[in-house]
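Asker: Dropping the structure in here first, questions after.
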Amino acid sequence: MNDFERHHALKIKTEVIRSVPIEFRGDWASIAAWLWLSPDSRGIGGGAQVYDALGYARGFTFPVQPLLQAVGKLRAVGTDLNAAPWATVLLQFGRRDEDLKLTFEMGDPYRWAVTSENYRTLIREMRPDFRRVMSY
C-alpha cells in the first residue's frame, strides 16, 4: 500500500468506525469493510463485519454516499495506468493505524458481499489477522 492509498483508507476507516453497532463500540478488535465502486465511479455500496477479541462477528452497514469521493480517490491512486480499475476493495483494520490492509478485487464487485449462503465461511475469511489486535 502506498502513502496515498493509506491516506484515503484511513479516511474511510474513520467513517466506518462511526457506524459500529453500540454493543461493539467499547470492545471491538477489528473490522472488515468492503466497498464496491461502479466503473464510472458514481455508484457505491458496501458493508462491514465487526469482530471482538474472540472472533465473534456482527454485520453492520454504514452510510456509503459520504465515502464516494474517498473511495474514488483510493481507486484513482491505486490503479496502474495500464490496468483495469478494481471493482471492490476489502479494508481490514484494527484499532491502531498500523493495522490496516487493503485487498482489491478486479472482476467481481460483490466478492465480499455476505449472504445467508456464504456468511459462515466468508466472515472467517474476511476477519483481519493482526496478531497485536488480540492484546487489547
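Ordered as shown in the C-alpha cells, chains take letters A, B, and onward, while each chain numbers its residues from 1 and ligands are numbered from 1 in the order shown.
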Find the residues near range 9-19 of chain A: any atom within 8 Å, counting only C-alpha atoms, skip ones fewer than 6 places away on the same chain, and give them as a list of chain:residue names.
Answerer: A:Ala33, A:Phe60, A:Thr61, A:Phe62, A:Leu67, A:Ala70, A:Val71, A:Leu74, A:Leu91, A:Phe93, A:Asp97
Asker: Mind checking which residues fall within 9 Å of range 26-28 of chain A, counting only C-alpha atoms, ignoring those fewer than 5 positions away in the same chain, and posting them as number ranges by chain?
Answerer: A: 20, 50-53, 94-95, 136
Asker: Create the file for the chosen residues now, containing C-alpha atoms and written as a PDB file, in the first residue's frame.
Answerer:
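This went into selection39.pdb:
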```
ATOM      1  CA  VAL A  20     -20.069   0.348  14.598  1.00  0.00           C
ATOM      2  CA  VAL A  50     -17.059  -6.022  13.280  1.00  0.00           C
ATOM      3  CA  TYR A  51     -15.131  -8.616  15.319  1.00  0.00           C
ATOM      4  CA  ASP A  52     -14.496  -8.813  19.042  1.00  0.00           C
ATOM      5  CA  ALA A  53     -11.281 -10.227  20.527  1.00  0.00           C
ATOM      6  CA  GLY A  94      -7.723  -2.870  13.885  1.00  0.00           C
ATOM      7  CA  ARG A  95      -7.765  -0.008  16.356  1.00  0.00           C
ATOM      8  CA  TYR A 136      -6.429  -5.029  23.604  1.00  0.00           C
TER       9      TYR A 136
END
```
Asker: For Lys101 in chain A, which of A:Val89, A:Ile22, A:Ala57, A:Val64 is the closest residue, counting only C-alpha atoms?
Answerer: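 The answer is A:Val89, which sits nearest to Lys101 in chain A.
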Asker: Please return as a VMD selection string: the residues of range 17-118 of chain A that backbone DSSP assigns to alpha helix (DSSP H).
Answerer: chain A and resid 17 68 to 78
Asker: Wanna dump the range 18-95 of chain A-range 116-127 of chain A contacts at 8 Å for me, each residue with its shortest atom pair and the distance in Å to one decimal, counting only C-alpha atoms, ordered by chain and number, as JSON lines?
Answerer:
```
{"residue": "A:Ser30", "atom": "CA", "partner": "A:Arg127", "partner_atom": "CA", "distance": 7.6}
{"residue": "A:Ile31", "atom": "CA", "partner": "A:Arg127", "partner_atom": "CA", "distance": 7.3}
{"residue": "A:Ala32", "atom": "CA", "partner": "A:Met126", "partner_atom": "CA", "distance": 6.1}
{"residue": "A:Gln49", "atom": "CA", "partner": "A:Ile123", "partner_atom": "CA", "distance": 7.2}
{"residue": "A:Tyr51", "atom": "CA", "partner": "A:Arg127", "partner_atom": "CA", "distance": 7.4}
{"residue": "A:Gly55", "atom": "CA", "partner": "A:Arg127", "partner_atom": "CA", "distance": 7.8}
{"residue": "A:Ala57", "atom": "CA", "partner": "A:Ile123", "partner_atom": "CA", "distance": 7.2}
{"residue": "A:Gln92", "atom": "CA", "partner": "A:Arg127", "partner_atom": "CA", "distance": 7.4}
```
Asker: With distances taken over only C-alpha atoms, which of A:Pro128, A:Gly78, A:Gly59, A:Gly45 is nearest to Pro109 in chain A?
Answerer: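 Smallest separation from Pro109 in chain A among the options: A:Gly45.
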Asker: Return the single residue from A:Arg111, A:Arg58, A:Arg42, A:Arg6 that is closest to Arg25 in chain A, with distances computed using only C-alpha atoms.
Answerer: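 Using only C-alpha atoms, the shortest distance to Arg25 in chain A belongs to A:Arg58.
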Asker: Rounded to one decimal place, report the CA of Ala113 in chain A-CA of Ala29 in chain A distance in Å.
Answerer: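 Result for CA of Ala113 in chain A versus CA of Ala29 in chain A: 20.9 Å, one decimal.
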Asker: From the list A:Phe104, A:Trp112, A:Trp36, A:Tyr56, which residue is nearest Met1 in chain A when using only C-alpha atoms?
Answerer: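 Among the listed residues, A:Phe104 lies closest to Met1 in chain A.
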Asker: Restricting the calculation to only C-alpha atoms: of A:His7, A:Glu105, A:Val114, A:Pro85, which residue gets closest to Ser41 in chain A?
Answerer: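 Smallest separation from Ser41 in chain A among the options: A:Pro85.
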Asker: Can you list, as a list of chain:residue names, all residues belonging to range 10-49 of chain A that DSSP tags as strand (DSSP E)?
Answerer: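 Secondary structure check on range 10-49 of chain A, strand (DSSP E): A:Trp28, A:Ala29, A:Ser30, A:Ile31, A:Ala32, A:Ala33, A:Trp34, A:Leu35, A:Trp36, A:Leu37, A:Ile44, A:Gly45, A:Gly46, A:Gly47, A:Ala48, A:Gln49.
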Asker: With N, CA and C atoms kept, could you save the residues just selected as an mmCIF file, in the first residue's frame?
Answerer:
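Full text of out-v5.cif as output:
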```cif
data_model
loop_
_atom_site.group_PDB
_atom_site.id
_atom_site.type_symbol
_atom_site.label_atom_id
_atom_site.label_comp_id
_atom_site.auth_asym_id
_atom_site.auth_seq_id
_atom_site.Cartn_x
_atom_site.Cartn_y
_atom_site.Cartn_z
ATOM 1 N N TRP A 28 -14.564 -3.602 20.325
ATOM 2 C CA TRP A 28 -14.265 -4.203 19.029
ATOM 3 C C TRP A 28 -12.754 -4.338 18.872
ATOM 4 N N ALA A 29 -12.345 -5.403 18.217
ATOM 5 C CA ALA A 29 -10.923 -5.658 17.998
ATOM 6 C C ALA A 29 -10.515 -5.385 16.558
ATOM 7 N N SER A 30 -11.401 -5.692 15.616
ATOM 8 C CA SER A 30 -11.073 -5.477 14.209
ATOM 9 C C SER A 30 -12.349 -5.346 13.393
ATOM 10 N N ILE A 31 -12.185 -4.808 12.204
ATOM 11 C CA ILE A 31 -13.304 -4.597 11.289
ATOM 12 C C ILE A 31 -12.858 -4.964 9.887
ATOM 13 N N ALA A 32 -13.752 -5.583 9.156
ATOM 14 C CA ALA A 32 -13.551 -5.834 7.728
ATOM 15 C C ALA A 32 -14.687 -5.125 7.000
ATOM 16 N N ALA A 33 -14.345 -4.151 6.181
ATOM 17 C CA ALA A 33 -15.347 -3.393 5.426
ATOM 18 C C ALA A 33 -15.052 -3.547 3.942
ATOM 19 N N TRP A 34 -16.096 -3.825 3.177
ATOM 20 C CA TRP A 34 -15.905 -3.915 1.728
ATOM 21 C C TRP A 34 -16.733 -2.836 1.055
ATOM 22 N N LEU A 35 -16.160 -2.284 0.006
ATOM 23 C CA LEU A 35 -16.819 -1.232 -0.761
ATOM 24 C C LEU A 35 -16.647 -1.520 -2.242
ATOM 25 N N TRP A 36 -17.731 -1.411 -2.977
ATOM 26 C CA TRP A 36 -17.627 -1.529 -4.433
ATOM 27 C C TRP A 36 -17.880 -0.158 -5.030
ATOM 28 N N LEU A 37 -17.296 0.046 -6.183
ATOM 29 C CA LEU A 37 -17.431 1.306 -6.894
ATOM 30 C C LEU A 37 -17.746 0.982 -8.342
ATOM 31 N N ILE A 44 -21.861 3.453 -5.545
ATOM 32 C CA ILE A 44 -21.058 2.894 -4.458
ATOM 33 C C ILE A 44 -21.959 2.064 -3.550
ATOM 34 N N GLY A 45 -21.390 1.059 -2.936
ATOM 35 C CA GLY A 45 -22.111 0.237 -1.978
ATOM 36 C C GLY A 45 -21.112 -0.499 -1.110
ATOM 37 N N GLY A 46 -21.620 -1.230 -0.136
ATOM 38 C CA GLY A 46 -20.712 -1.987 0.710
ATOM 39 C C GLY A 46 -21.356 -2.422 2.004
ATOM 40 N N GLY A 47 -20.546 -2.938 2.875
ATOM 41 C CA GLY A 47 -20.984 -3.420 4.170
ATOM 42 C C GLY A 47 -19.767 -3.741 5.018
ATOM 43 N N ALA A 48 -20.000 -4.218 6.241
ATOM 44 C CA ALA A 48 -18.875 -4.486 7.135
ATOM 45 C C ALA A 48 -19.222 -5.567 8.146
ATOM 46 N N GLN A 49 -18.182 -6.128 8.707
ATOM 47 C CA GLN A 49 -18.262 -7.050 9.832
ATOM 48 C C GLN A 49 -17.368 -6.486 10.921
#
```
Asker: Grab the CA of Asp108 in chain A to CA of Asp3 in chain A distance for me, in Å with one decimal place.
Answerer: 25.8 Å
Asker: Could you check how far CA of Pro39 in chain A sits from CA of Lys73 in chain A, in Å to one decimal?
Answerer: 13.3 Å
